[in-house]
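Enquirer: Mind looking over this structure? Questions follow.
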Amino acid sequence: MIKIIIIKKGSIINFIRPFFINAKMKGKVIMKLNRIIISFAIGILITNIVGIAINIIYGTTENYAHTAPGLNQMVGNSFNATIFQFVLSGLLGIYFEVTAKVWEKGYKPLKAFLVQYVFVIPVALLVAYLCFWMQHTFNGFIIYFVIYTIIYSIVQYLVYLYTKNESK
């Protein structure tokens with residue numbers, strides 16, 4: 001006995017299509033991967049620059065610690081702490097890239113700033129807490145929150161001025 005299977009027109013093509021990427025889609029995928037890689041690297045770069053600046057400000061350049069002692073203790077050793085901080089810093093960079101899409105939505109600058117800030121601040125605080133970039137006290141939280149907000153505001157304002165001048 002032979003069974004006849006009736007297939008809707010185009011259903012096999014619709015099933016197979018996701019496995020093949022045309023040149024235009026391939027270009028978009030490569031562009032997105034490039035943005036992810038660059039964002040990951042920028043996240044790592046910025047956190048390292050901040051770490052170096054903090055060591056210079058507090059005069060601890062002779063005994064430079066790439067990671068906080070609390071993080072070293074939490075994950076077992078300095079190498080594990082470095083890898084942990086490396087990954088979280090990169091992921092934070094990617095998260096910034098993703099949330100930056102609000103600037104492309106056509107919002108007014110203040111609204112775009114506030115929307116991105118609302119999405120970014122909880123994640124940034126979590127990463128800062130996990131990497132021991134802040135003291136694990138209420139005062140440490142408040143100090144980090146205020147400093148982060150000031151730096152974030154300055155950077156976003158500079159980006160706004162740059163993009164405003166570029167669009168002219």
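By order in the structure tokens, chains are A, B, ...; within a chain, residues start at 1; ligands start at 1, following the order shown.
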Applying 9 Å and only C-alpha atoms, which residues near A:Leu45 remain after dropping the ones on its own chain fewer than 5 positions away? List them as a PyMOL selection string.
Expert: chain A and resi 40+50+89-90
Enquirer: Put those residues in a file: N, CA and C atoms, as a PDB file, in the first residue's frame.
Expert:
ATOM      1  N   PHE A  40      32.159  43.780  22.626  1.00  0.00           N
ATOM      2  CA  PHE A  40      32.799  42.964  23.657  1.00  0.00           C
ATOM      3  C   PHE A  40      34.172  43.545  23.992  1.00  0.00           C
ATOM      4  N   VAL A  50      39.334  52.100  33.301  1.00  0.00           N
ATOM      5  CA  VAL A  50      38.813  52.563  34.595  1.00  0.00           C
ATOM      6  C   VAL A  50      39.629  51.955  35.734  1.00  0.00           C
ATOM      7  N   SER A  89      32.864  41.971  31.652  1.00  0.00           N
ATOM      8  CA  SER A  89      33.125  43.264  31.015  1.00  0.00           C
ATOM      9  C   SER A  89      32.733  43.226  29.545  1.00  0.00           C
ATOM     10  N   GLY A  90      33.088  42.153  28.864  1.00  0.00           N
ATOM     11  CA  GLY A  90      32.717  42.008  27.458  1.00  0.00           C
ATOM     12  C   GLY A  90      31.219  41.934  27.261  1.00  0.00           C
TER      13      GLY A  90
END
Enquirer: Provide the atom CA of A:Ile142 to atom CA of A:Tyr160 distance in Å, to one decimal place.
Expert: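 The value is 26.5 Å.
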Enquirer: Quick one: residues within 10 Å of A:Phe84, only C-alpha atoms counted, chain neighbours fewer than 6 positions away excluded, as a list in words?
Expert: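 Selected residues are Thr67, Leu71, Asn72, Val75, Ser78, Leu130 and Cys131 of chain A.
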Enquirer: Please run DSSP on the backbone and report, as number ranges by chain, all residues within stretch 50-139 of chain A that come out as alpha helix (DSSP H).
Expert: A: 50-57, 69-75, 78-99, 109-130, 138-139
Enquirer: Selection from above, C-alpha atoms, as a PDB file, in the first residue's frame, can you write it?
Expert:
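And here is the file that came out, part22.pdb:
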ATOM      1  CA  VAL A  50      38.813  52.563  34.595  1.00  0.00           C
ATOM      2  CA  GLY A  51      40.743  50.019  36.675  1.00  0.00           C
ATOM      3  CA  ILE A  52      44.079  51.570  35.745  1.00  0.00           C
ATOM      4  CA  ALA A  53      42.732  55.072  36.454  1.00  0.00           C
ATOM      5  CA  ILE A  54      41.482  54.006  39.882  1.00  0.00           C
ATOM      6  CA  ASN A  55      44.888  52.508  40.721  1.00  0.00           C
ATOM      7  CA  ILE A  56      46.600  55.740  39.635  1.00  0.00           C
ATOM      8  CA  ILE A  57      44.166  57.938  41.583  1.00  0.00           C
ATOM      9  CA  PRO A  69      40.811  41.192  46.211  1.00  0.00           C
ATOM     10  CA  GLY A  70      37.190  40.323  47.035  1.00  0.00           C
ATOM     11  CA  LEU A  71      36.693  38.913  43.527  1.00  0.00           C
ATOM     12  CA  ASN A  72      39.923  36.910  43.797  1.00  0.00           C
ATOM     13  CA  GLN A  73      38.659  35.406  47.029  1.00  0.00           C
ATOM     14  CA  MET A  74      35.185  34.753  45.655  1.00  0.00           C
ATOM     15  CA  VAL A  75      36.368  32.798  42.594  1.00  0.00           C
ATOM     16  CA  SER A  78      43.583  35.922  40.516  1.00  0.00           C
ATOM     17  CA  PHE A  79      43.500  34.054  37.191  1.00  0.00           C
ATOM     18  CA  ASN A  80      39.869  32.947  37.644  1.00  0.00           C
ATOM     19  CA  ALA A  81      38.986  36.476  38.742  1.00  0.00           C
ATOM     20  CA  THR A  82      40.599  37.926  35.622  1.00  0.00           C
ATOM     21  CA  ILE A  83      38.668  35.558  33.342  1.00  0.00           C
ATOM     22  CA  PHE A  84      35.416  36.227  35.235  1.00  0.00           C
ATOM     23  CA  GLN A  85      35.893  40.002  34.998  1.00  0.00           C
ATOM     24  CA  PHE A  86      36.966  39.715  31.339  1.00  0.00           C
ATOM     25  CA  VAL A  87      33.775  37.869  30.386  1.00  0.00           C
ATOM     26  CA  LEU A  88      31.447  40.128  32.395  1.00  0.00           C
ATOM     27  CA  SER A  89      33.125  43.264  31.015  1.00  0.00           C
ATOM     28  CA  GLY A  90      32.717  42.008  27.458  1.00  0.00           C
ATOM     29  CA  LEU A  91      29.094  41.047  28.018  1.00  0.00           C
ATOM     30  CA  LEU A  92      28.463  44.471  29.531  1.00  0.00           C
ATOM     31  CA  GLY A  93      29.924  46.024  26.366  1.00  0.00           C
ATOM     32  CA  ILE A  94      27.559  43.938  24.234  1.00  0.00           C
ATOM     33  CA  TYR A  95      24.637  44.931  26.463  1.00  0.00           C
ATOM     34  CA  PHE A  96      25.504  48.602  25.951  1.00  0.00           C
ATOM     35  CA  GLU A  97      25.503  48.028  22.195  1.00  0.00           C
ATOM     36  CA  VAL A  98      22.098  46.363  22.309  1.00  0.00           C
ATOM     37  CA  THR A  99      20.547  49.068  24.483  1.00  0.00           C
ATOM     38  CA  PRO A 109      17.756  62.818  22.978  1.00  0.00           C
ATOM     39  CA  LEU A 110      16.594  63.122  26.591  1.00  0.00           C
ATOM     40  CA  LYS A 111      14.073  60.300  26.202  1.00  0.00           C
ATOM     41  CA  ALA A 112      16.643  58.050  24.485  1.00  0.00           C
ATOM     42  CA  PHE A 113      19.139  58.811  27.261  1.00  0.00           C
ATOM     43  CA  LEU A 114      16.628  57.973  29.989  1.00  0.00           C
ATOM     44  CA  VAL A 115      15.353  54.797  28.304  1.00  0.00           C
ATOM     45  CA  GLN A 116      18.865  53.449  27.797  1.00  0.00           C
ATOM     46  CA  TYR A 117      19.890  54.487  31.312  1.00  0.00           C
ATOM     47  CA  VAL A 118      16.922  52.645  32.847  1.00  0.00           C
ATOM     48  CA  PHE A 119      17.915  49.463  31.014  1.00  0.00           C
ATOM     49  CA  VAL A 120      21.671  49.781  31.608  1.00  0.00           C
ATOM     50  CA  ILE A 121      21.938  50.838  35.254  1.00  0.00           C
ATOM     51  CA  PRO A 122      20.652  47.607  36.870  1.00  0.00           C
ATOM     52  CA  VAL A 123      22.963  45.441  34.748  1.00  0.00           C
ATOM     53  CA  ALA A 124      25.946  47.745  35.301  1.00  0.00           C
ATOM     54  CA  LEU A 125      25.313  47.713  39.055  1.00  0.00           C
ATOM     55  CA  LEU A 126      25.069  43.921  39.061  1.00  0.00           C
ATOM     56  CA  VAL A 127      28.359  43.542  37.184  1.00  0.00           C
ATOM     57  CA  ALA A 128      30.005  46.114  39.476  1.00  0.00           C
ATOM     58  CA  TYR A 129      28.762  44.204  42.515  1.00  0.00           C
ATOM     59  CA  LEU A 130      29.912  40.825  41.184  1.00  0.00           C
ATOM     60  CA  PHE A 138      24.816  50.705  51.178  1.00  0.00           C
ATOM     61  CA  ASN A 139      27.229  53.664  51.050  1.00  0.00           C
TER      62      ASN A 139
END
Enquirer: Rounded to one decimal place, report the atom CA of A:Arg35-atom CA of A:Ile49 distance in Å.
Expert: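 Computed distance, atom CA of A:Arg35 to atom CA of A:Ile49, equals 20.5 Å.
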